[in-house]
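To start, the structure itself, in structure tokens.
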2 protein chains.
Amino acid sequence: MEVTTIKDIARICGVGVSTVSRAINNHPDINEDTKKLILKTIKEHNYIPNNSARNLKRLESNTIAVLIKGITNPFFNSMLKVFEKEIHKKKYSFLLHRVEEQEDEVDVALELEKEKRLKGIIFLGGYFSHSVEKLNQMKVPFVLSTGGISEIIDKKNCSYVMVDDVQESYRMVDYLCKLGHKKIAIITTPPSEESIGKLRLEGYKKALKDNQLSIDSRRILYNDDESLDSFSMKYGYEAAKKLLESDVEFTAVFAISDSIAVGACKAIFEKGKRIPEDYSIAGYDGIDITFYYHPSITTIRQPTIEMAEETIRILFETIEDSSYKEGKIFTADLIVGNSTKRIR
Amino acid sequence: MEVTTIKDIARICGVGVSTVSRAINNHPDINEDTKKLILKTIKEHNYIPNNSARNLKRLESNTIAVLIKGITNPFFNSMLKVFEKEIHKKKYSFLLHRVEEQEDEVDVALELEKEKRLKGIIFLGGYFSHSVEKLNQMKVPFVLSTGGISEIIDKKNCSYVMVDDVQESYRMVDYLCKLGHKKIAIITTPPSEESIGKLRLEGYKKALKDNQLSIDSRRILYNDDESLDSFSMKYGYEAAKKLLESDVEFTAVFAISDSIAVGACKAIFEKGKRIPEDYSIAGYDGIDITFYYHPSITTIRQPTIEMAEETIRILFETIEDSSYKEGKIFTADLIVGNSTKRIR
DNA sequence: TTGTACGCGTTATCAT
DNA sequence: ATGATAACGCGTACAA
């Protein structure tokens with residue numbers, strides 16, 4: 001059995017291809033009976049329209065794509081759910097497209113825009129740094145959502161929804177300082193990496209400075225193991241272990257992700273130490289596990305639901321009026337758990 | 001600026017479209033200089049080939065798609081990494097495609113197969129139950145990977161890699177019995193749902209029977225809250241809380257997923273009880289958190305890496321020889337953590 | 001209400 | 001080495 005096309009169906013039914021097309025696409029001016037016949041034979045012959053051909057021919061679709069770099073992040077899940085719900089609510093279709101680590105997300109977007117005749121794009125997550133020039137090639141409305149958007153981007157030229165990573169991480173470290181901690185370690189990503197880790201480290205440094213604490217580079221832990229995911233529990237575990245086994249003193253750890261924090265906790269427990277009695281631990285992201293971990297972990301909770309809703313709102317606004325631009329910076333919440341305590 | 005096509009580039013360069021095509025696709029018989037010129041103008045004009053047109057024209061691609069239902073599952077991450085690596089190693093491109101909850105994964109596959117001229121498909125995760133008839137429509141090699149494949153499927157007719165959920169959950173519950181537990185609760189998915197939860201419940205019942213323990217329906221907890229993800233920590237928390245507040249006695253809990261187990265632990269800690277001194281907790285999946293949680297959680301670890309590698313191997317085998325079929329059932333490991341203990 | 005014919009952007013075949 | 005042209009499968013303007 002060869003691949004069935006619209007012509008085959010037309011021939012079998014003894015009608016023209018346009019009639020079949022009308023049947024498929026629910027066009028009004030078609031006889032009910034012929035439509036029934038056509039749909040029946042389509043079922044019988046397992047005919048499936050070729051999407052490439054449709055996309056090629058169609059001048060527009062009703063698809064909104066979400067581009068996401070590194071599906072791994074559990075943090076995105078709750079946002080995706082909102083996207084999916086809202087997009088469907090507005091009768092659009094939802095296309096989730098993963099961007100591989102080494103791929104350029106804007107290139108991918110440009111390609112997808114042509115291929116699928118997208119109505120809108122959401123760039124989800126990651127550290128976003130692209131030239132205005134490149135972004136301007138995008139014909140279709142888009143919103144940058146979540147995480148650090150590099151300063152390079154002219155914020156006036158595009159819509160975005162974000163949290164100020166520097167400020168929020170400052171908030172957390174400042175909180176630790178106010179609890180009396182003077183020796184605070186940070187577990188972050190490699191210095192070379194252009195990532196949110198860099199921004200969060202910046203906030204850390206700023207907070208120490210403002211609290212008249214010196215920055216000791218031995219308390220700044222980077223991931224130097226290429227094979228290790230920089231946001232993983234395993235990395236947090238290894239880093240904290242190394243720290244504990246060194247002679248560097250510290251009373252608190254700020255992990256730039258909750259997963260790292262969980263890993264760090266494990267290392268501390270293994271040394272027979274207690275949290276928060278011996279060490280205070282703080283994370284960042286506000287994923288489920290911070291609440292369910294024992295002890296619960298102090299963290300920065302990004303308002304994912306609200307951010308996702310705003311992202312969608314702005315995107316649709318832009319779809320209505322292509323000149324529309326809006327940038328929104330959300331404030332995160334510092335959720336105090338049982339992993340941090342006042343000292344001295 | 002209008003959308004640039006291959007014709008525009010050809011016109012600008014003063015060459016024919018076929019020459020441009022040759023330049024794009026690295027064809028051999030083309031003058032190096034004209035090729036350079038063409039690639040240069042392509043850059044300058046930001047020309048991006050339309051994939052729909054390419055897919056339409058091309059008789060085949062080198063793409064392997066992974067279809068995944070509900071990206072949520074952290075358990076899939078490690079498998080995806082293997083897929084991506086192996087697929088690239090063989091010079092294929094990797095396409096991850098999410099299937100929405102209400103969508104039929106085989107329908108999606110059929111569509112994608114035509115649209116992208118796929119070389120192979122991997123169905124990842126979930127409870128798979130489709131008629132042989134439907135599966136037979138698939139022209140392209142595929143492998144079903146992970147989780148419960150319904151008995152409905154004629155296993156001789158397709159390739160698969162799986163773990164026997166009934167047997168593995170039996171293994172865990174049997175282990176709890178052997179530790180002396182006689183009152184074991186299970187937290188699972190709604191009975192109506194055709195899911196792996198059903199299979200794991202079956203293993204639970206079987207193990208109890210074989211250990212001469214009666215099955216008390218009050219110790220079987222289903223998720224009756226539609227809005228609650230059946231595999232989430234929150235559900236585990238709510239379910240365990242309900243159980244603790246009832247007068248139903250139990251000394252151990254078997255959670256059909258690790259996330260549920262974590263949630264259950266939280267509920268127990270909140271009541272001021274200890275794990276494993278007061279209650280033993282066991283999970284299923286073997287995700288990272290079971291190791292990093294405090295206490296570490298006894299779980300069934302599915303050999304995800306090996307399973308993913310086998311999946312890929314079988315798929316390529318099938319691509320080579322389309323009549324090839326292989327089914328492989330993996331045995332999982334029971335990882336003993338600190339969340340379970342012998343009683344009495 | 002229905003059928004014919006053209007074109008969407010690309011690749012492949014065949015000339016040249 | 002290069003260019004004209006025929007497909008790929010579909011939607012739609014237009015004619016009937």
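Simple scheme: letters A, B, ... for chains in structure tokens order, numbers from 1 for residues in each chain, numbers from 1 for ligands in the order shown.
Neighbouring residues of Leu110 (chain A) at 8 Å or closer, counting only C-alpha atoms (C1' of nucleotides) and skipping chain neighbours under 6 positions away, are A:Gln137, A:Met138, B:Ile48.
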Identify every residue of chain A that has at least one atom within 7 Å of any atom of chain D, counting only C-alpha atoms (C1' of nucleotides), and report the result as number ranges by chain. A: 5, 50, 53-54, 57-58
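In this structure, CA of Thr299 (chain A) sits 15.3 Å away from CA of Gly197 (chain A).
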Chain A residues within 8 Å of chain B, counting only C-alpha atoms: which ones, as a ChimeraX atom specification? /A:46,48-53,55-56,72,74,77,96-98,110-111,114-116,137,233,262-263,265-266,269,288-289,292-294
Just checking: using only C-alpha atoms (C1' of nucleotides), which residue out of B:Val140, B:Leu243, B:Val66, B:Ile6 ends up closest to chain C? B:Ile6
Any chance you could list, as a PyMOL selection string, the residues in region 162-242 of chain A that come up alpha helix (DSSP H) when DSSP is run on the backbone? chain A and resi 165-178+196-210+233-242
Residues of chain C that approach chain A to 12 Å or less, counting only C-alpha atoms (C1' of nucleotides): could you list each one with the shortest pair of atoms and its distance in Å to one decimal, rows by chain and increasing residue number, as CSV?
residue,atom,partner,partner_atom,distance
C:DT1,C1',A:Ile30,CA,6.0
C:DT2,C1',A:Thr19,CA,6.9
C:DG3,C1',A:Gly16,CA,5.3
C:DT4,C1',A:Gly16,CA,8.5
C:DA5,C1',A:Ser18,CA,11.0
C:DC6,C1',A:Lys57,CA,11.9
C:DG7,C1',A:Lys57,CA,8.4
C:DC8,C1',A:Lys57,CA,4.7
C:DG9,C1',A:Leu56,CA,7.5
C:DT10,C1',A:Leu56,CA,10.2
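One distance worth recording is that between CA of Ile297 (chain A) and CA of Ile268 (chain A), which is 13.8 Å.
Here CA of Glu44 (chain A) is placed at a distance of 20.3 Å from CA of Glu103 (chain B).
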Non-local contacts of Ser323 (chain A) (10 Å; only C-alpha atoms (C1' of nucleotides); under 5 positions in same chain excluded) as a count of residues only: 5
Give me, as an MDAnalysis selection string, the residues of region 241-312 of chain A that a backbone DSSP run labels strand (DSSP E or B). chainID A and resid 252:255 280:282 285 298:301
Prev. selection, N, CA and C atoms, output as a PDB file, in the first residue's frame:
ATOM      1  N   ALA A 252      26.862  29.477  56.385  1.00  0.00           N
ATOM      2  CA  ALA A 252      25.691  29.401  55.508  1.00  0.00           C
ATOM      3  C   ALA A 252      26.121  29.153  54.077  1.00  0.00           C
ATOM      4  N   VAL A 253      25.223  28.520  53.322  1.00  0.00           N
ATOM      5  CA  VAL A 253      25.476  28.279  51.902  1.00  0.00           C
ATOM      6  C   VAL A 253      24.308  28.819  51.096  1.00  0.00           C
ATOM      7  N   PHE A 254      24.632  29.608  50.098  1.00  0.00           N
ATOM      8  CA  PHE A 254      23.616  30.039  49.147  1.00  0.00           C
ATOM      9  C   PHE A 254      23.842  29.256  47.863  1.00  0.00           C
ATOM     10  N   ALA A 255      22.894  28.400  47.544  1.00  0.00           N
ATOM     11  CA  ALA A 255      22.979  27.613  46.315  1.00  0.00           C
ATOM     12  C   ALA A 255      22.151  28.324  45.257  1.00  0.00           C
ATOM     13  N   SER A 280      23.327  26.891  57.752  1.00  0.00           N
ATOM     14  CA  SER A 280      22.093  27.332  57.098  1.00  0.00           C
ATOM     15  C   SER A 280      22.246  27.131  55.596  1.00  0.00           C
ATOM     16  N   ILE A 281      21.160  26.697  54.966  1.00  0.00           N
ATOM     17  CA  ILE A 281      21.190  26.462  53.513  1.00  0.00           C
ATOM     18  C   ILE A 281      20.058  27.233  52.847  1.00  0.00           C
ATOM     19  N   ALA A 282      20.375  27.909  51.768  1.00  0.00           N
ATOM     20  CA  ALA A 282      19.340  28.605  51.011  1.00  0.00           C
ATOM     21  C   ALA A 282      19.434  28.250  49.538  1.00  0.00           C
ATOM     22  N   ASP A 285      14.685  29.330  43.294  1.00  0.00           N
ATOM     23  CA  ASP A 285      13.741  28.860  42.262  1.00  0.00           C
ATOM     24  C   ASP A 285      12.345  28.647  42.842  1.00  0.00           C
ATOM     25  N   THR A 298      14.777  27.187  52.639  1.00  0.00           N
ATOM     26  CA  THR A 298      14.572  28.615  52.382  1.00  0.00           C
ATOM     27  C   THR A 298      14.953  28.909  50.931  1.00  0.00           C
ATOM     28  N   THR A 299      14.078  29.579  50.231  1.00  0.00           N
ATOM     29  CA  THR A 299      14.327  29.761  48.807  1.00  0.00           C
ATOM     30  C   THR A 299      13.709  31.047  48.273  1.00  0.00           C
ATOM     31  N   ILE A 300      14.077  31.361  47.066  1.00  0.00           N
ATOM     32  CA  ILE A 300      13.466  32.478  46.349  1.00  0.00           C
ATOM     33  C   ILE A 300      12.444  31.882  45.398  1.00  0.00           C
ATOM     34  N   ARG A 301      11.193  32.165  45.655  1.00  0.00           N
ATOM     35  CA  ARG A 301      10.162  31.598  44.787  1.00  0.00           C
ATOM     36  C   ARG A 301       9.792  32.588  43.697  1.00  0.00           C
TER      37      ARG A 301
END
Skip Cys177 (chain B) itself and residues of its chain fewer than 3 positions away, then list as a ChimeraX atom specification all residues within 10 Å of it, counting only C-alpha atoms (C1' of nucleotides). /B:171-174,180-184,207-208,210-213,252,342-343
